[in-house]
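Student: Got a structure for you, questions after.
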Amino acid sequence: MNRRDFFKIVTATGAAAATAGCQGASEQILPLVVPNEQLVPGVASWFATVCRECPAGCGVLARNRDGRVVKLEGNPDHPVGQGALCVRGQAALQGLYHPDRFPGPLVREGAGLKPATWENAQKILVDRLGALRGGGRGRAVALVTQLENGSLGALADTWARALGTRARVTLEPFGYEAIRAANRITFGRAAVPHYAFEEARVVLSFGADFVETWLSPVAYTRAFARMHTFRDGRAGTFIHVEPRQSLTAANADEWIRNAPGTEGLVALAILKLMLEDGLVDRRFADAVVGIDVKKVAAGSGVDEATLRHVAKAFGHARPGLAIGGGVAVSGSNATRTQVAINLLNAAAGNVGRTIRFGPDAAWGKVTPYAEVADLVEAMARGEIEVLLLGQGVNPVHALPAGLKFAAAVRKVGLVVSFATQPDETTALAHVVLPDTHWLEAWGDFSPREGVTGLLQPTMAPVRDARQTGDVLLGVGRAVLGSEEGKGPLPWASFEQYLKAAWEPAVRGEWAGALRQGGVWREVAPVAVQAKAGPVEAGAAALEGDASGFALLPYPSLRFYDGRGASHAWLQESPDTMTQAVWDAWVEVPAEAATRLGVATGDVLRVTSPHGAIELPAYVSATLHPTAVAIPLGHRYAPYHVPRYVAAAPTAMTPAALLGPARDAASGGAAWLGVRVTLAKTGARRPLAILQATHDQDHRELAQHVDLRAAREQALRGRAAPHEPISMYADHVYPGYHWGLAIDVDACVGCQACVVACQAENNVPVAGKASAAYGRQLHWIRIERWAEGPAAQPTNTFLPMLCQHCEVAPCEPVCPVFAAYRTEEGLNGQVYNRCVGTRYCGNNCPYHVRRFNWFQYEFPAPLEVQLNPDVTVRQLGIMEKCTMCIQRIIAGKDHARDEKRTVRDGDILTACQQTCPTQAITFGDLKGEKNAVSALRHSPRAYTVLEELGTRPGVTYLKKVVREHA
Amino acid sequence: MRPPTFADVNRDVLRTLEPPGNRYFAWMCVVALILSAGILFWAGQVWWGIGMAGKRVPQMWALYITTFVFWIGIGHAGTLISAVLYLFRARWRTSIYRAAEAMTIFAVMTAGLFPLIHAGRMWFAYFLLPYPNQRYLWPNFRSPLVWDVFAISTYFSISTVFFIVGLVPDVAALRDASTGWRRRIYAMLALGWEGSDTQWRHYRRAYGLFAALATPLVLSVHSVVSWDFAMALVPGWHSTLFAPFFVDGAIFSGFAMVAVLVLPMRHFFGLHAYIQDRHLDAISKLILVTGLVLTYFYVCEIFTSLYSGDHIEKASLFWKVTKTYAWALWLMYFCNCVAPLVFFVRKARTNPVVIYVVSILVLIGMWFERFNIIVPSLGHGFYPYAWGIFVPSATDTGILIGSFAWFFLLFLGFIKVMPSLSIVEVKETLPPPMRDKGHGGQH
Amino acid sequence: MVGSTETIVGVFAHVDTTVRALEELKAKGYHDLTVYTPVPVHEIEDVVERDRPVSRVRLFTLLGGLTGAFSGFMLTIWSAMQWNLVTGGKPIASIPPFVVIAFELTILFGGIATLIGMVVLGRLPKLRPSPAFDPRFTRDRFGVAVHCVPGRGGSVREILGAAGAEEVKTV
């Protein structure tokens, strides 16, 4: 979106806040009796808010059409995300309009939860709290929320103090406590700093999956792209150390496969070698006295030569950046590993340059896992009478089974949940007081020091929900017997509290802050001194059968800790590495698979000392032979079954296999803590894998060029592009000639574009069986093409969509002119005209045309999300990418209003808008100065299957592979 | 044996029209049941969507188009016999051409259903017809599918006209031999034919012209059908070889189907006097020849794709020959290339059982030829991401079987209401009655 | 003609006798003949067609065919011009594909014209059978109907009888 629209939005925002915020039961979506000026029918208004799908806290703009939010986009002004959104952020709309959302407050009657009035439901809580407070047993009340470091958190704390309850527990399954602890040890500052990827020349990551979930994926992916993507002859290097080829690893120029839990040793060995080569500060020599590089090489499975050249590369980098995280770095030795990584950075002089304390991340505010464990023990001992669980926390599902939360919660007299949808935890709740979705809510969130984003209601609540803040105020006052305006909780509503809390910060500029989406300022880096003490980083200790496999339960790019799993869009957007949708799987190393006689799709029983689950196998040639990997957070929402997928016989998340193990130094949960054994059940559960093969079979779909060659070309510039020969005169474009350019070197395969397109273009969800049978409906897909040795492949991610060919094979075969060439260089598809012969689908060499095999439904109220500017397709017709024709039209209208032609940036396609790495560029190919034309003439430019002479309107830029990769 | 007289001919042919026995009705019932099952499947597909059939990306086409091409192919023998062989004055055609023409028409009627069954929104299929509409939007005449519409409708019309014209004198004979309501109906259909010299001379001239028109038509129709594939750039489709390849295959399967229909007629109606061994021999020879030509085309197909040096073409070929659908390919080679070779043996050429078995094999082989062209080629195209395996569903299998029921229902009905042997043309081949045998006689 | 002429019909069992009768009649100057045969027989045709022009059906065919070809090209080119929709980068009036349509229409129109020609020239459909017709003529008998002025019937009967007619009758 462009500045002008942006301001148009924003003027609307203030008033919107006033009206859309109003509380009260509202079954219908547009509750405004008196239509107000900022809801002009047919004209979208945009509301700035903050994404709460994970604690990264990216800025969001919600597109509101006629009172309904139909699309989310990143807020270009927000420092986190800077206009981009990840796949989970894009899918947040499905949480807002989730078919399973609680219709209103519920109270348990016997086995089930029955609807109740707010009064009755709250009364139950009030009475119980009152009684406890009267008996001076406030300590028997516990309040658990997700990471709320803003006003809601503050209010909750005030509330807790006022009622004399236990201190609020901020529950985030991934608390990055090892990083905090390590920083305390090395730098004397228990904080998660800001990592300036864009400054680094070499990034050395030890399992940190920053493309997927690590700390702040969108911001860091964006920064990484800035550092890594080939641009005028320069490109940074990225080296990744992990036992499993994660999506992040697949983006590395060099992926080093180490034995699980040996990252610390590898880091120290590298440090030692850097010291030997005299590349870094000698002061750190005593940190590695105990390190024998050969032993490390043997133990970690990383050969010495590799260690040496990594040491060289990192040592010479000025500056470099070493980071650690992810599941592999969350074992019993997590903190020591992080210390080792800290020393690497400190020795190489990166601290203060690429690692900045000061703008610390919100992660520092997460309650230590140890305290969570204490609470659970207290519950188990029956000391907790009332447990309040905020929105976004689902401990039964997300926490390691070894913590025995489910058992403990059964001992609690009254469990009150503020969740918006049913999950494993609400199943055990006695009272549900549904919170508003964050898109309907007031609030604020500060992802890092100096950046505070504001949440405002972007539409009226879809269901009869109340903001937790308001409930706390109401309940608190009722318990305290104080009335509004007096006592410790005087505020009429949470909104009022929020405004009051913000007054000092904004000083009357409230509306302005809302417009911008928050307030931010530069935070000066804090200088820290590194303590270079010796580190005894051993390998991680693993519980369970020594002959078993180390279990790598990694947070899923799509579901995070499970919060995203109830969104069908996320379930159906493939995991980029496996290309699997819907079902969960256990990734089994190829060697083990052959040994066990297991093929992909065979159901395996995965057993740990703490539990067993059954999952279909995915045989992986890249996974370390001593490990198996299972994505965390996999679960289905009630409405998914059986509509889209069959119910799973056992739990799908590996959290069910984990023990109570912790990282000794930090007390953080040890996700890498158990060994598991595998056993064939004999059953089969074929996975829905969308990509038939990862081998291009020499067809040069995803092309790459050597860095050195790319540099030379960049200097030389491109030779005149060879003109295709044709009998016919060239196609003439009277007006614009739209085209796309996609930089394969920038694409990290994060799938954000896939879901953005699905949201923008009303693309329905097909379900597992259909998807497995080649009937998925995505207009854009991310293909993974692997080259080189099976165990160490070089992966290229190729976003594939309609190529809008000038000589389109799909068009002439259509008997009814449903497919034709528009004057602006698009392949038009006239839905009303289509008869469904599917000839075009056969004849499209790229197979990007999608057919409506059935009449696909949008379960209520999801149909409310449908984009009014895009046709919903009927059964029996063909559809495909339109290059967001509706956005093109809007952009042209808007340009005409200003009596000018369309400029770069006026029109952003949905996929382009959300792309964290800005890999996609849209524009008019006729304007020679336009970015897209420049890219089309780049030396790296090529078109897919060029030899067919289809003359695509979509240009790709070759991936740049580093010499040593 | 003594050649039958003109009167014998009338008697024998009319005997085939006597009220049928229970066995006949039993057959009709079976066929009708299968047909109604097929209709139910189609109804389900129209209601729930084309997804009921096993189609997918990349096989957006599968069994329906396969079966469509199969039936169109069957529909070639009839007009070929009546037109081409007429022009070549191959007199042996006379005793089988009526059945063959009927078969042609019913086969085309069956084939014609499949584009409808196949379309995602068959209720809009009329968009393919050139009719004036308020949008001034006409069909895209660059699309092979529109060529199909024209080619097949033309072929159907001309074949039907040809068929009816051929029937007129025979219906007149029926009229004069029957009584009551039958007589009245036949009288209507006979257009008052009397066999007067004027009628005969225009009739014979017109018949010759029909033959002249139908001959290029026969060749064109299957060429056009073949272009549905050849005009697309799918590896394995994009080939100039397809037109003659398809035409030959059509004749091949057409004659097999003629044999399959004529042999039982000969047996049950006792028409040995008219459908003699020389007829069987001729049919067998034709099957043999077209079979050998087809084999040659298969070799060409493989050779060209190897010789092209195009990696993708070759990959597609190797996949077909060795992978998932290889069994279908080899079955096809056996049925179409090996089985007909028995006809090198003279005895086999006149042995009804052998002919029948080979013909059935040929029909199976030719159905699989179309299957092998469509399904495996699409399954292994340009884009590895989308490679996939097609699995037929109950719906498309049911409709496929139903189409056979539909065809046989029509044919069984026909042989009981119309002379399945041409009275006139059979008589023409007999020596005309002479009083003194010295004069005239055979020519 | 009824009243002004009478029609005498000879029914024959054999071709040669029929031919003989025809020759005789022609020799005697009877030219208004109608011959009924169950099948076209060369011997008879030779006699009957001797002094007649070739059937004009082929004219119909020719005209029909030309119309078809013309309208084929007209329809395709004109209709493509209606919207000027480009598909696959091909020209609006792409002749090669249109040839197919033109060809099919040529055959179709040609065929239909031929049918019309046959019906029109052959005086079909004939609503009521001509008096001279006899059902046997569609089985195995040959008929010669002579239309002559009243009074000449006697000699006609003789000729037919002499030629070997099984039966001679006046209608």
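Chains: A, B, ... in order of the structure tokens. Residues: from 1 per chain. Ligands: from 1, in order shown.
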For chain B, work out the contacting residues on chain C at 8 Å, counting only C-alpha atoms, and write them as a PyMOL selection string.
Tutor: chain C and resi 13-17+34-41+43+45+48+55-58+61+76+79-80+82-83+94+97-98+100-101+104-105+107-108+110-112+114-115+117-118+121-129+133+135-140
Student: Starting from chain B, keep only residues with some atom at most 8 Å from an atom of chain A, counting only C-alpha atoms, and report them as an MDAnalysis selection string.
Tutor: chainID B and resid 48:52 56:61 118:122 124:125 127:128 138:146 232:234 378 381:388
Student: Of the candidates B:Phe70, B:Tyr356, B:Tyr64, B:Trp42, which one gets nearest to B:Leu261 if we count only C-alpha atoms?
Tutor: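 The answer is B:Tyr356, which sits nearest to B:Leu261.
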Student: I'd like the contact shell of A:Val872 - 9 Å cut-off, only C-alpha atoms, skipping same-chain residues fewer than 5 positions apart - returned as a ChimeraX atom specification.
Tutor: /A:761-764,866-867
Student: Each residue of chain C with at least one atom at most 7 Å from chain A should appear once, together with its nearest atom pair and the corresponding distance in Å (one decimal); atoms considered: only C-alpha atoms; ordering: chain, then increasing residue number; output as a Markdown table.
Tutor:
| residue | atom | partner | partner_atom | distance |
| --- | --- | --- | --- | --- |
| C:Leu85 | CA | A:Tyr820 | CA | 6.5 |
| C:Val86 | CA | A:Arg821 | CA | 5.5 |
| C:Thr87 | CA | A:Glu811 | CA | 4.9 |
| C:Gly88 | CA | A:Val807 | CA | 4.4 |
| C:Gly89 | CA | A:Val807 | CA | 4.8 |
| C:Lys90 | CA | A:Tyr728 | CA | 6.9 |
Student: Would you put the residues from that selection into a file with C-alpha atoms, as an mmCIF file, in the first residue's frame?
Tutor:
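Result went into again.cif, see below:
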data_model
loop_
_atom_site.group_PDB
_atom_site.id
_atom_site.type_symbol
_atom_site.label_atom_id
_atom_site.label_comp_id
_atom_site.auth_asym_id
_atom_site.auth_seq_id
_atom_site.Cartn_x
_atom_site.Cartn_y
_atom_site.Cartn_z
ATOM 1 C CA LEU C 85 -9.488 -11.392 -28.596
ATOM 2 C CA VAL C 86 -5.871 -12.486 -28.873
ATOM 3 C CA THR C 87 -5.112 -16.020 -27.775
ATOM 4 C CA GLY C 88 -1.658 -17.523 -27.714
ATOM 5 C CA GLY C 89 -0.199 -14.527 -29.519
ATOM 6 C CA LYS C 90 -1.847 -15.569 -32.778
#
Student: Taking the backbone alone, and naming residues the way the document does, which bits of stretch 3-171 of chain C are alpha helix (DSSP H) by DSSP, as a count of residues only?
Tutor: 86
Student: Can you pull out the residues contacting stretch 888-890 of chain A? Cut-off 9 Å, using only C-alpha atoms, and skip same-chain residues under 3 positions away; I want them as a list in words.
Tutor: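 Everything that qualifies: Met883, Cys884, Ile885, Asp893, His894, Ala895, Asp906, Ile907, Leu908 and Thr909 of chain A.
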Student: Show me, as a PyMOL selection string, the residues that have an atom within 9 Å of A:Arg521 when counting only C-alpha atoms, minus same-chain residues fewer than 3 positions from it.
Tutor: chain A and resi 449-451
Student: Name the residues in contact with stretch 219-232 of chain A at a cut-off of 9 Å, using only C-alpha atoms, excluding same-chain residues fewer than 3 positions from it; report them as a VMD selection string.
Tutor: chain A and resid 56 58 79 to 82 84 195 to 203 210 to 212 214 to 216 235 to 238 707 710 to 711 714 to 715 743 745 to 748 915 to 919 959 to 960
Student: Would you list the contacts of A:Arg52 as a PyMOL selection string, taking every protein, DNA or RNA residue within 12 Å and counting only C-alpha atoms, but skipping same-chain residues closer than 4 positions in sequence?
Tutor: chain A and resi 56-60+85-86+88-93+95-96+146-149+391-392+437-447+453-455+563-564
Student: Based on the backbone DSSP call, show me all residues of stretch 5-161 of chain C assigned strand (DSSP E or B), as an NGL selection string.
Tutor: :C and (5-12 or 33-36 or 86 or 142-148)
